[in-house]
Every structure is written in C-alpha cells, then in structure tokens.
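Visitor: Here you go, data.pdb (PDB, C-alpha atoms):
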ATOM      1  CA  MET S   1      35.199  70.020 -78.133
ATOM      2  CA  SER S   2      35.417  71.240 -74.528
ATOM      3  CA  LYS S   3      37.947  73.891 -73.577
ATOM      4  CA  GLU S   4      40.523  73.148 -70.917
ATOM      5  CA  THR S   5      39.834  75.112 -67.774
ATOM      6  CA  MET S   6      42.268  76.499 -65.244
ATOM      7  CA  ALA S   7      41.196  73.713 -62.844
ATOM      8  CA  ASP S   8      42.116  71.110 -65.452
ATOM      9  CA  PHE S   9      45.492  72.733 -65.957
ATOM     10  CA  GLU S  10      46.160  72.797 -62.211
ATOM     11  CA  GLN S  11      45.230  69.090 -61.932
ATOM     12  CA  GLU S  12      47.586  68.152 -64.772
ATOM     13  CA  LEU S  13      50.349  70.206 -63.215
ATOM     14  CA  THR S  14      49.817  68.504 -59.866
ATOM     15  CA  GLN S  15      49.899  65.053 -61.468
ATOM     16  CA  SER S  16      53.055  65.860 -63.397
ATOM     17  CA  PHE S  17      54.946  66.577 -60.194
ATOM     18  CA  ARG S  18      53.530  63.787 -58.060
ATOM     19  CA  VAL S  19      56.021  61.394 -56.493
ATOM     20  CA  LEU S  20      56.111  57.917 -58.029
ATOM     21  CA  LYS S  21      57.360  54.886 -56.110
ATOM     22  CA  VAL S  22      58.388  51.404 -57.193
ATOM     23  CA  GLY S  23      55.281  49.202 -57.135
ATOM     24  CA  ASP S  24      52.853  52.000 -57.997
ATOM     25  CA  LEU S  25      50.253  51.298 -60.664
ATOM     26  CA  ILE S  26      50.026  54.112 -63.170
ATOM     27  CA  ASP S  27      47.837  54.766 -66.216
ATOM     28  CA  GLY S  28      49.328  55.970 -69.462
ATOM     29  CA  MET S  29      48.682  56.309 -73.178
ATOM     30  CA  ILE S  30      50.882  54.555 -75.717
ATOM     31  CA  VAL S  31      52.749  57.101 -77.847
ATOM     32  CA  ASP S  32      55.380  54.865 -79.462
ATOM     33  CA  ILE S  33      56.052  51.171 -80.144
ATOM     34  CA  ASN S  34      59.380  49.897 -81.439
ATOM     35  CA  ASP S  35      61.502  46.744 -81.392
ATOM     36  CA  GLU S  36      62.888  47.485 -77.918
ATOM     37  CA  GLU S  37      60.174  49.150 -75.861
ATOM     38  CA  VAL S  38      56.779  50.769 -75.616
ATOM     39  CA  THR S  39      56.646  54.424 -74.611
ATOM     40  CA  LEU S  40      53.793  55.871 -72.542
ATOM     41  CA  ASP S  41      52.618  59.388 -71.868
ATOM     42  CA  LEU S  42      52.036  59.262 -68.111
ATOM     43  CA  ASN S  43      50.835  62.848 -67.777
ATOM     44  CA  TYR S  44      54.063  63.165 -65.824
ATOM     45  CA  PHE S  45      57.126  65.339 -66.328
ATOM     46  CA  VAL S  46      58.970  62.344 -67.843
ATOM     47  CA  PRO S  47      57.653  59.536 -70.047
ATOM     48  CA  GLY S  48      57.338  55.905 -69.063
ATOM     49  CA  VAL S  49      58.902  53.034 -70.974
ATOM     50  CA  ILE S  50      58.069  49.326 -70.925
ATOM     51  CA  PRO S  51      60.849  46.999 -72.169
ATOM     52  CA  LEU S  52      59.519  44.276 -74.468
ATOM     53  CA  SER S  53      60.523  41.665 -71.861
ATOM     54  CA  GLU S  54      58.090  43.294 -69.420
ATOM     55  CA  LEU S  55      55.044  43.187 -71.674
ATOM     56  CA  SER S  56      53.995  39.542 -71.286
ATOM     57  CA  ASP S  57      55.286  36.034 -70.560
ATOM     58  CA  ASP S  58      53.096  34.651 -73.324
ATOM     59  CA  PRO S  59      55.402  33.790 -76.259
ATOM     60  CA  ASP S  60      52.520  34.526 -78.653
ATOM     61  CA  PHE S  61      52.237  38.128 -77.460
ATOM     62  CA  SER S  62      53.352  40.735 -79.991
ATOM     63  CA  ALA S  63      53.646  44.415 -79.130
ATOM     64  CA  MET S  64      53.209  45.400 -82.767
ATOM     65  CA  ARG S  65      50.098  43.232 -83.156
ATOM     66  CA  ASP S  66      48.446  43.367 -79.738
ATOM     67  CA  LEU S  67      49.081  47.030 -78.858
ATOM     68  CA  LYS S  68      48.528  50.211 -80.803
ATOM     69  CA  ILE S  69      49.387  53.858 -80.410
ATOM     70  CA  GLY S  70      46.620  55.686 -78.559
ATOM     71  CA  ASP S  71      45.749  52.711 -76.317
ATOM     72  CA  SER S  72      45.414  53.493 -72.623
ATOM     73  CA  ILE S  73      46.991  50.833 -70.390
ATOM     74  CA  GLN S  74      47.999  50.400 -66.768
ATOM     75  CA  ALA S  75      51.563  49.453 -65.827
ATOM     76  CA  MET S  76      53.599  49.023 -62.653
ATOM     77  CA  VAL S  77      56.593  51.201 -61.769
ATOM     78  CA  THR S  78      59.773  49.063 -61.573
ATOM     79  CA  GLN S  79      62.296  51.941 -61.576
ATOM     80  CA  THR S  80      61.676  55.649 -61.119
ATOM     81  CA  ASP S  81      64.718  56.372 -63.317
ATOM     82  CA  ASP S  82      65.985  53.906 -65.903
ATOM     83  CA  GLY S  83      69.248  55.828 -66.328
ATOM     84  CA  ARG S  84      67.900  57.776 -69.296
ATOM     85  CA  GLY S  85      65.523  59.928 -67.306
ATOM     86  CA  ASN S  86      62.469  57.734 -67.966
ATOM     87  CA  VAL S  87      60.198  55.852 -65.584
ATOM     88  CA  GLU S  88      60.629  52.141 -66.235
ATOM     89  CA  LEU S  89      57.411  50.136 -66.144
ATOM     90  CA  SER S  90      56.137  46.562 -66.356
ATOM     91  CA  LEU S  91      52.865  45.640 -68.007
ATOM     92  CA  LYS S  92      52.989  41.987 -66.974
ATOM     93  CA  ASP S  93      53.544  42.875 -63.292
ATOM     94  CA  ALA S  94      50.542  45.208 -63.405
ATOM     95  CA  ASN S  95      48.420  42.537 -65.068
ATOM     96  CA  GLU S  96      49.436  40.002 -62.454
ATOM     97  CA  VAL S  97      48.038  42.188 -59.672
ATOM     98  CA  SER S  98      44.517  41.986 -61.118
ATOM     99  CA  VAL S  99      44.694  38.720 -63.047
ATOM    100  CA  TRP S 100      44.525  36.409 -60.014
ATOM    101  CA  GLY S 101      41.122  37.755 -59.084
ATOM    102  CA  LYS S 102      39.893  36.983 -62.587
ATOM    103  CA  LEU S 103      41.493  33.530 -62.565
ATOM    104  CA  ASN S 104      39.869  32.725 -59.224
ATOM    105  CA  GLN S 105      36.501  33.774 -60.630
ATOM    106  CA  LEU S 106      36.992  31.522 -63.670
ATOM    107  CA  PHE S 107      37.865  28.685 -61.288
ATOM    108  CA  GLU S 108      34.878  29.229 -58.979
ATOM    109  CA  GLU S 109      32.424  29.478 -61.875
ATOM    110  CA  GLN S 110      34.066  26.543 -63.711
ATOM    111  CA  THR S 111      34.147  28.642 -66.862
ATOM    112  CA  ILE S 112      35.362  26.969 -70.056
ATOM    113  CA  VAL S 113      38.203  28.919 -71.694
ATOM    114  CA  SER S 114      40.281  28.321 -74.811
ATOM    115  CA  VAL S 115      44.095  28.073 -74.726
ATOM    116  CA  ARG S 116      46.793  27.094 -77.209
ATOM    117  CA  VAL S 117      49.457  24.563 -76.206
ATOM    118  CA  LYS S 118      52.940  26.105 -76.447
ATOM    119  CA  GLU S 119      55.287  23.344 -75.402
ATOM    120  CA  SER S 120      55.552  19.795 -74.156
ATOM    121  CA  VAL S 121      57.210  19.275 -70.778
ATOM    122  CA  ASN S 122      57.699  16.392 -68.403
ATOM    123  CA  SER S 123      54.314  14.687 -67.820
ATOM    124  CA  GLY S 124      52.260  17.343 -69.571
ATOM    125  CA  VAL S 125      52.092  20.505 -71.663
ATOM    126  CA  VAL S 126      52.263  24.271 -71.101
ATOM    127  CA  ALA S 127      49.754  26.899 -72.224
ATOM    128  CA  TYR S 128      49.159  30.547 -71.274
ATOM    129  CA  LEU S 129      45.979  31.963 -69.787
ATOM    130  CA  GLU S 130      45.588  35.710 -69.195
ATOM    131  CA  GLY S 131      49.314  35.962 -69.785
ATOM    132  CA  MET S 132      50.073  33.461 -67.022
ATOM    133  CA  ARG S 133      51.910  30.200 -67.552
ATOM    134  CA  ALA S 134      49.614  27.211 -66.967
ATOM    135  CA  PHE S 135      50.241  23.470 -66.815
ATOM    136  CA  ILE S 136      48.009  20.750 -68.273
ATOM    137  CA  PRO S 137      48.969  17.268 -66.970
ATOM    138  CA  ALA S 138      49.023  14.470 -69.533
ATOM    139  CA  SER S 139      46.228  12.803 -67.562
ATOM    140  CA  GLN S 140      44.043  15.894 -68.152
ATOM    141  CA  LEU S 141      44.565  16.215 -71.908
ATOM    142  CA  SER S 142      42.103  13.550 -73.007
ATOM    143  CA  THR S 143      39.549  11.048 -71.753
ATOM    144  CA  SER S 144      41.933   8.330 -72.932
ATOM    145  CA  TYR S 145      45.589   7.660 -72.152
ATOM    146  CA  VAL S 146      48.062  10.081 -73.784
ATOM    147  CA  GLU S 147      51.501   8.658 -74.398
ATOM    148  CA  ASP S 148      53.089  11.407 -76.517
ATOM    149  CA  THR S 149      52.201  14.922 -75.335
ATOM    150  CA  SER S 150      54.256  16.586 -78.088
ATOM    151  CA  VAL S 151      51.430  15.958 -80.594
ATOM    152  CA  TYR S 152      49.394  18.584 -78.720
ATOM    153  CA  ILE S 153      51.839  21.439 -79.414
ATOM    154  CA  GLY S 154      49.997  24.184 -81.309
ATOM    155  CA  LYS S 155      46.551  22.721 -80.639
ATOM    156  CA  GLN S 156      43.715  24.870 -79.342
ATOM    157  CA  LEU S 157      42.034  23.267 -76.341
ATOM    158  CA  ASP S 158      38.894  24.058 -74.361
ATOM    159  CA  VAL S 159      39.795  23.774 -70.676
ATOM    160  CA  ARG S 160      38.710  24.492 -67.130
ATOM    161  CA  LEU S 161      40.896  25.627 -64.242
ATOM    162  CA  ILE S 162      41.337  22.912 -61.625
ATOM    163  CA  THR S 163      44.057  24.589 -59.511
ATOM    164  CA  VAL S 164      44.593  28.297 -58.853
ATOM    165  CA  ASP S 165      47.364  29.008 -56.317
ATOM    166  CA  GLU S 166      48.446  32.642 -56.309
ATOM    167  CA  SER S 167      51.083  32.207 -53.583
ATOM    168  CA  ALA S 168      52.829  29.500 -55.598
ATOM    169  CA  ARG S 169      52.001  31.177 -58.943
ATOM    170  CA  LYS S 170      50.512  27.854 -59.988
ATOM    171  CA  LEU S 171      47.788  27.288 -62.573
ATOM    172  CA  VAL S 172      46.604  23.817 -63.586
ATOM    173  CA  LEU S 173      44.098  23.277 -66.395
ATOM    174  CA  SER S 174      42.011  20.323 -67.550
ATOM    175  CA  ALA S 175      40.716  19.537 -71.039
ATOM    176  CA  LYS S 176      39.549  16.122 -69.872
ATOM    177  CA  SER S 177      36.652  17.443 -67.780
ATOM    178  CA  VAL S 178      35.352  19.462 -70.738
ATOM    179  CA  LEU S 179      35.673  16.517 -73.134
ATOM    180  CA  ARG S 180      33.940  14.177 -70.684
ATOM    181  CA  GLU S 181      31.051  16.602 -70.304
ATOM    182  CA  GLN S 182      30.753  16.884 -74.087
ATOM    183  CA  GLU S 183      30.759  13.094 -74.439
ATOM    184  CA  GLN S 184      28.050  12.752 -71.802
ATOM    185  CA  GLU S 185      25.910  15.354 -73.543
ATOM    186  CA  ASN S 186      26.449  13.584 -76.866
ATOM    187  CA  ASP S 187      25.454  10.270 -75.275
ATOM    188  CA  ARG S 188      22.303  11.825 -73.814
ATOM    189  CA  ARG S 189      21.403  13.167 -77.241
ATOM    190  CA  LYS S 190      21.924   9.750 -78.832
ATOM    191  CA  MET S 191      19.922   8.012 -76.100
ATOM    192  CA  SER S 192      17.008  10.351 -76.658
ATOM    193  CA  THR S 193      16.668   8.924 -80.182
ATOM    194  CA  ILE S 194      16.440   5.294 -79.009
ATOM    195  CA  ALA S 195      12.928   3.990 -78.313
ATOM    196  CA  PRO S 196      12.100   0.805 -76.380
ATOM    197  CA  GLY S 197      11.077  -1.954 -78.748
ATOM    198  CA  THR S 198      13.524  -0.893 -81.451
ATOM    199  CA  ILE S 199      15.638  -3.653 -82.959
ATOM    200  CA  LEU S 200      19.248  -2.624 -83.607
ATOM    201  CA  GLU S 201      22.503  -4.174 -84.732
ATOM    202  CA  GLY S 202      25.597  -4.236 -82.570
ATOM    203  CA  THR S 203      28.842  -5.963 -81.663
ATOM    204  CA  VAL S 204      29.605  -7.859 -78.471
ATOM    205  CA  GLU S 205      32.370  -5.830 -76.814
ATOM    206  CA  SER S 206      32.758  -7.655 -73.498
ATOM    207  CA  LEU S 207      31.408 -10.635 -71.574
ATOM    208  CA  MET S 208      30.654 -10.645 -67.872
ATOM    209  CA  PRO S 209      29.273 -13.380 -65.580
ATOM    210  CA  TYR S 210      25.956 -11.514 -65.457
ATOM    211  CA  GLY S 211      25.613 -10.689 -69.160
ATOM    212  CA  ALA S 212      27.137  -9.177 -72.290
ATOM    213  CA  PHE S 213      27.848  -5.575 -73.224
ATOM    214  CA  VAL S 214      26.956  -4.789 -76.814
ATOM    215  CA  GLN S 215      28.201  -1.718 -78.670
ATOM    216  CA  LEU S 216      25.530  -0.311 -80.950
ATOM    217  CA  LYS S 217      26.190   1.281 -84.329
ATOM    218  CA  ASN S 218      25.818   4.785 -82.842
ATOM    219  CA  GLY S 219      28.683   4.141 -80.415
ATOM    220  CA  LEU S 220      26.563   3.635 -77.306
ATOM    221  CA  SER S 221      26.775   0.441 -75.285
ATOM    222  CA  GLY S 222      24.016  -1.517 -73.596
ATOM    223  CA  LEU S 223      23.763  -4.569 -71.378
ATOM    224  CA  VAL S 224      22.137  -7.837 -72.374
ATOM    225  CA  HIS S 225      21.399  -9.597 -69.099
ATOM    226  CA  ILE S 226      22.270 -13.312 -69.111
ATOM    227  CA  SER S 227      18.565 -14.141 -68.897
ATOM    228  CA  LYS S 228      17.977 -12.187 -72.128
ATOM    229  CA  ILE S 229      20.661 -13.832 -74.247
ATOM    230  CA  CYS S 230      18.816 -16.936 -75.436
ATOM    231  CA  MET S 231      15.798 -19.140 -74.743
ATOM    232  CA  LYS S 232      17.720 -21.887 -73.029
ATOM    233  CA  ARG S 233      19.287 -21.557 -69.639
ATOM    234  CA  ILE S 234      23.051 -20.892 -69.703
ATOM    235  CA  LYS S 235      25.601 -20.648 -66.931
ATOM    236  CA  LYS S 236      27.731 -17.978 -68.603
ATOM    237  CA  PRO S 237      27.383 -15.759 -71.700
ATOM    238  CA  SER S 238      30.497 -17.230 -73.331
ATOM    239  CA  GLU S 239      28.563 -20.469 -73.937
ATOM    240  CA  VAL S 240      26.732 -18.799 -76.823
ATOM    241  CA  LEU S 241      28.486 -15.462 -77.419
ATOM    242  CA  SER S 242      32.018 -14.279 -78.183
ATOM    243  CA  VAL S 243      33.662 -10.842 -78.193
ATOM    244  CA  GLY S 244      33.419  -9.277 -81.642
ATOM    245  CA  GLN S 245      30.326 -11.229 -82.616
ATOM    246  CA  GLU S 246      27.692  -9.316 -84.596
ATOM    247  CA  VAL S 247      24.244  -9.547 -83.001
ATOM    248  CA  LYS S 248      20.772  -8.075 -83.270
ATOM    249  CA  VAL S 249      19.268  -6.710 -80.078
ATOM    250  CA  LYS S 250      15.934  -5.348 -78.952
ATOM    251  CA  VAL S 251      15.870  -2.233 -76.777
ATOM    252  CA  LEU S 252      14.015  -3.012 -73.559
ATOM    253  CA  GLU S 253      14.594   0.171 -71.558
ATOM    254  CA  VAL S 254      16.577   3.417 -71.607
ATOM    255  CA  LYS S 255      16.857   4.815 -68.095
ATOM    256  CA  ASP S 256      19.357   6.746 -65.968
ATOM    257  CA  GLY S 257      21.931   6.712 -68.731
ATOM    258  CA  LYS S 258      21.749   2.942 -69.151
ATOM    259  CA  ILE S 259      20.409   0.842 -72.009
ATOM    260  CA  SER S 260      18.881  -2.585 -71.358
ATOM    261  CA  LEU S 261      18.934  -4.915 -74.349
ATOM    262  CA  SER S 262      17.735  -8.380 -75.293
ATOM    263  CA  ILE S 263      18.985 -10.793 -77.936
ATOM    264  CA  ARG S 264      16.359 -13.398 -77.095
ATOM    265  CA  ASP S 265      13.436 -11.075 -77.671
ATOM    266  CA  VAL S 266      14.532 -10.311 -81.225
ATOM    267  CA  GLU S 267      13.570 -13.864 -82.190
ATOM    268  CA  THR S 268      10.428 -14.093 -80.075
ATOM    269  CA  ASN S 269       9.507 -10.428 -80.605
ATOM    270  CA  THR S 270       8.206 -10.334 -77.053
ATOM    271  CA  SER S 271       9.560  -9.714 -73.605
ATOM    272  CA  ASP S 272       6.652 -11.442 -71.834
ATOM    273  CA  ILE S 273       8.689 -14.552 -71.143
ATOM    274  CA  VAL S 274       9.546 -15.978 -67.758
ATOM    275  CA  THR S 275      13.174 -15.059 -67.138
ATOM    276  CA  ASP S 276      13.884 -17.307 -64.175
ATOM    277  CA  VAL S 277      13.917 -20.932 -65.355
ATOM    278  CA  GLU S 278      14.109 -22.351 -61.843
ATOM    279  CA  GLU S 279      11.162 -20.266 -60.717
ATOM    280  CA  ALA S 280       9.178 -21.405 -63.735
ATOM    281  CA  ALA S 281       9.917 -25.050 -62.897
ATOM    282  CA  GLU S 282       8.449 -24.541 -59.454
ATOM    283  CA  GLU S 283       5.156 -23.142 -60.713
ATOM    284  CA  VAL S 284       2.125 -25.329 -59.900
ATOM    285  CA  PHE S 285      -0.401 -26.124 -62.576
ATOM    286  CA  ASP S 286      -3.908 -27.401 -61.638
ATOM    287  CA  TYR S 287      -5.236 -29.881 -64.151
ATOM    288  CA  LYS S 288      -8.997 -30.497 -63.690
ATOM    289  CA  SER S 289     -11.333 -32.369 -65.950
ATOM    290  CA  GLU S 290     -14.543 -30.406 -65.670
ATOM    291  CA  GLU S 291     -15.486 -30.919 -69.282
ATOM    292  CA  ILE S 292     -16.136 -34.719 -68.995
ATOM    293  CA  PRO S 293     -16.696 -35.447 -65.313
ATOM    294  CA  ASN S 294     -17.849 -39.025 -65.956
ATOM    295  CA  ASN S 295     -14.773 -39.981 -67.916
ATOM    296  CA  PRO S 296     -12.777 -42.406 -65.754
ATOM    297  CA  PHE S 297      -9.459 -40.939 -66.890
ATOM    298  CA  GLY S 298     -10.733 -37.422 -66.349
ATOM    299  CA  ALA S 299     -12.028 -38.376 -62.905
ATOM    300  CA  LEU S 300      -8.633 -39.798 -62.108
ATOM    301  CA  LEU S 301      -6.922 -36.487 -62.882
ATOM    302  CA  ALA S 302      -9.599 -34.231 -61.423
ATOM    303  CA  GLY S 303      -8.359 -32.274 -58.453
ATOM    304  CA  ILE S 304      -4.828 -33.631 -58.741
ATOM    305  CA  GLN S 305      -2.022 -31.017 -58.695
ATOM    306  CA  ILE S 306       0.968 -31.786 -60.858
ATOM    307  CA  GLU S 307       4.317 -30.032 -60.356
ATOM    308  CA  GLU S 308       6.615 -29.625 -63.335
TER
END
Could you rewrite the structure in this file as structure tokens?
Guide:
Amino acid sequence: MSKETMADFEQELTQSFRVLKVGDLIDGMIVDINDEEVTLDLNYFVPGVIPLSELSDDPDFSAMRDLKIGDSIQAMVTQTDDGRGNVELSLKDANEVSVWGKLNQLFEEQTIVSVRVKESVNSGVVAYLEGMRAFIPASQLSTSYVEDTSVYIGKQLDVRLITVDESARKLVLSAKSVLREQEQENDRRKMSTIAPGTILEGTVESLMPYGAFVQLKNGLSGLVHISKICMKRIKKPSEVLSVGQEVKVKVLEVKDGKISLSIRDVETNTSDIVTDVEEAAEEVFDYKSEEIPNNPFGALLAGIQIEE
C-alpha cells in the first residue's frame, strides 16, 4: 500500500477548493444509496447528490440493483448548492453527453443490439437504448403486418438503429431489418441442401401467366415455368393446376436465390425435352430411303423433305 505524499495532499486540497459550475462533468465515488438519492464523494469540500429522477429515463433502471457503493461514476453539475449545502448532480445528463457518440457509432456500423419493449404508443412501441428513449414503428417490428403493437410489450427484440438525430433527441430502431436478414440466411442454408435432380413434394401457392409458384415442405418456394407443368401445351397454368393442390416437383436449378422446378419432368424423369412446342413443329426432318434404293416407294420418298 503506497503512502500518501505531500504532493498528493496538495493536489487533493486544490481539488477540494476548485470552483464548480453548472454543466461541469465531475467524477465521484458512490458512498450512499437510498430511496431518494445517491450520494457521491467528489473529493470536494461538500458531497454531491443525484436525485433518483436524475439517474436514468429508463423505467427498468434501479439504483439499488444497477449501482453499488464504491462505484466510480461521472455526473453533471445541475446546481452548485441544492439548499442543503450539497452539489446537485445528474447522471442521465452526463450520460447523454457521451451517449450520442456511441449511438452514432452503432448506427454507422449497423450493429445489432437487444432492447426490451416498454410500452405501446400510436403507430409503434417504445424501448430504451443506452438510457435513451427510442421508437420502433409498427412497420419495423416484423416482416409481416402488425395490427396490435401491445402484444410486443415486455418482449426482447434484436434491432438496428435506422435514425439517430441528436438535435431532435430522436432514435428510431428496426427489428424488421434484423429479422429479414435472419430469414435470408435461413433460406440460403435451406437452399444449400437442395440438389438439382431431387424430387420433392410441395403445394401450389400461386398461379401466374408464366407459371406456378410451389411452396416446398421446407418453406422455400420455387417456380415451375409454364413449359414445365405438363407434356401438352397449355395457355395458362390454371388449366391443369389450382392453388392449394399437392404436387411433386423435380429441382432443375438453384441459382441466385431462386429455385427452378418442373412437374413434367417428375413423370418423364428427364429434362431433355423440347420446351417450345411451336419451335418443335417447325423442325425439318429429312426422310431418305438409303437402305432399299430400288424400292419404288423408297425412291419416291428419297430426298423429299417433310415438315411436321
């Protein structure tokens, strides 16, 4: 244990008689916590006190739980004399001075943070981040439409900051962007397990003029082009398919986040089939009878081109 020198004593004496002003940031050690205030040793000739209302705006904050005697904290001077001879301080004002820099860094780096929803308000919910009140619009709570935001009260959400405005003291968070990223990663993982040529079961979820979207058992969806629905030529998928119909499909290709499927190739077990019926009808076939050149019927057909 080091002994206190005369220089140390002189420094402490100088600090104890320094002049404090409203707005100054000052370090202190917690020496008492009660139901009304937190008392700090400021190494000053009078102690500092922080009213409970000046600790944090976060309703979950508890002085008894989140602070302990012996902790060193920094607070802002709000009054040099509170009427009892103490320096009145604010912890939340001191935190606010430094917190915006941290919030801006979280925003720039698109860091995912966890918050708990405290209340439901008009068109969204409120949470607290770094002791600051933050708003999550209803449109940013989920990847789907949210009608009743009150069901989110008390829920822990992973979010990103999408608006940080210090001048307006405005923070806006989004859980939707995090959820969407997680869904995309989950889809990529599922797609990596699907191999071309695999035959799967699925349900027709929608019909378009150009084909049918089929939802597979793993939740992914793929497109069956109209030319891959059946052997015969059809003008629209609804001629042979209906929404909700159970079908078997063959995976043709998995590329760029898209799955190409075929119903037709499940039956034929091949994809080497001409897909354009009109083009196939225009193909020219050359029938020549080279095997029996002296046959009158063969001679008649020899060299003649027949279009089908």
Visitor: Using CA of Asp60 (chain S) and CA of Asn86 (chain S) as the two end points, give the distance in Å to one decimal.
Guide: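 CA of Asp60 (chain S) sits 27.4 Å away from CA of Asn86 (chain S).
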Visitor: Name every residue that the PyMOL selection byres ((chain S and resi 36) around 7) selects in this structure, writing the answer as a list in words with chains first and numbers rising.
Guide: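 Residues picked by the PyMOL selection byres ((chain S and resi 36) around 7): Asn34, Asp35, Glu37, Pro51 and Leu52 of chain S.
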Visitor: Deliver the residues from the most recent selection as a file, using C-alpha atoms, as a short mmCIF file (atom, residue, chain, number, x, y, z; two decimals), keeping the file's coordinate frame.
Guide:
data_model
loop_
_atom_site.label_atom_id
_atom_site.label_comp_id
_atom_site.auth_asym_id
_atom_site.auth_seq_id
_atom_site.Cartn_x
_atom_site.Cartn_y
_atom_site.Cartn_z
CA ASN S 34 59.38 49.90 -81.44
CA ASP S 35 61.50 46.74 -81.39
CA GLU S 37 60.17 49.15 -75.86
CA PRO S 51 60.85 47.00 -72.17
CA LEU S 52 59.52 44.28 -74.47
#
Visitor: Do you know which residues are at most 8 Å from region 136-153 of chain S counting all atoms listed in the file, after dropping those on the same chain fewer than 3 positions away, and could you put them as a PyMOL selection string?
Guide: chain S and resi 116-120+123-127+172-177+179-180
Visitor: Return as JSON, numbers by chain the set of residues that the PyMOL selection byres ((chain S and resi 57-59) around 12) yields on the displayed structure.
Guide: {"S": [52, 53, 54, 55, 56, 60, 61, 62, 63, 66, 90, 91, 92, 93, 95, 96, 115, 116, 117, 118, 119, 126, 127, 128, 129, 130, 131, 132, 133, 134]}
Visitor: Mind writing the picked residues with C-alpha atoms as a PDB file, keeping the file's coordinate frame?
Guide:
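Contents of result-v3.pdb, as written:
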ATOM      1  CA  LEU S  52      59.519  44.276 -74.468  1.00  0.00           C
ATOM      2  CA  SER S  53      60.523  41.665 -71.861  1.00  0.00           C
ATOM      3  CA  GLU S  54      58.090  43.294 -69.420  1.00  0.00           C
ATOM      4  CA  LEU S  55      55.044  43.187 -71.674  1.00  0.00           C
ATOM      5  CA  SER S  56      53.995  39.542 -71.286  1.00  0.00           C
ATOM      6  CA  ASP S  60      52.520  34.526 -78.653  1.00  0.00           C
ATOM      7  CA  PHE S  61      52.237  38.128 -77.460  1.00  0.00           C
ATOM      8  CA  SER S  62      53.352  40.735 -79.991  1.00  0.00           C
ATOM      9  CA  ALA S  63      53.646  44.415 -79.130  1.00  0.00           C
ATOM     10  CA  ASP S  66      48.446  43.367 -79.738  1.00  0.00           C
ATOM     11  CA  SER S  90      56.137  46.562 -66.356  1.00  0.00           C
ATOM     12  CA  LEU S  91      52.865  45.640 -68.007  1.00  0.00           C
ATOM     13  CA  LYS S  92      52.989  41.987 -66.974  1.00  0.00           C
ATOM     14  CA  ASP S  93      53.544  42.875 -63.292  1.00  0.00           C
ATOM     15  CA  ASN S  95      48.420  42.537 -65.068  1.00  0.00           C
ATOM     16  CA  GLU S  96      49.436  40.002 -62.454  1.00  0.00           C
ATOM     17  CA  VAL S 115      44.095  28.073 -74.726  1.00  0.00           C
ATOM     18  CA  ARG S 116      46.793  27.094 -77.209  1.00  0.00           C
ATOM     19  CA  VAL S 117      49.457  24.563 -76.206  1.00  0.00           C
ATOM     20  CA  LYS S 118      52.940  26.105 -76.447  1.00  0.00           C
ATOM     21  CA  GLU S 119      55.287  23.344 -75.402  1.00  0.00           C
ATOM     22  CA  VAL S 126      52.263  24.271 -71.101  1.00  0.00           C
ATOM     23  CA  ALA S 127      49.754  26.899 -72.224  1.00  0.00           C
ATOM     24  CA  TYR S 128      49.159  30.547 -71.274  1.00  0.00           C
ATOM     25  CA  LEU S 129      45.979  31.963 -69.787  1.00  0.00           C
ATOM     26  CA  GLU S 130      45.588  35.710 -69.195  1.00  0.00           C
ATOM     27  CA  GLY S 131      49.314  35.962 -69.785  1.00  0.00           C
ATOM     28  CA  MET S 132      50.073  33.461 -67.022  1.00  0.00           C
ATOM     29  CA  ARG S 133      51.910  30.200 -67.552  1.00  0.00           C
ATOM     30  CA  ALA S 134      49.614  27.211 -66.967  1.00  0.00           C
TER      31      ALA S 134
END
Visitor: Given the file shown, enumerate the residues that the PyMOL selection byres ((chain S and resi 224-237) around 7) captures and present them as number ranges by chain.
Guide: S: 207, 209-213, 222-223, 238-241, 260-264, 275, 277
Visitor: At what distance in Å, to one decimal, does CA of Lys255 (chain S) lie from CA of Leu216 (chain S)?
Guide: 16.3 Å
Visitor: Report, in Å with one decimal, the straight-line distance from CA of Arg188 (chain S) to CA of Val243 (chain S).
Guide: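 It comes out at 25.7 Å.
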Visitor: Give the padded box for region 186-190 of chain S as AutoDock Vina command-line options: axis-aligned, covering all atoms listed in the file, 5 Å on each side, centre and edge lengths in Å to one decimal.
Guide:
--center_x 23.9 --center_y 11.7 --center_z -76.3 --size_x 15.0 --size_y 13.8 --size_z 15.0
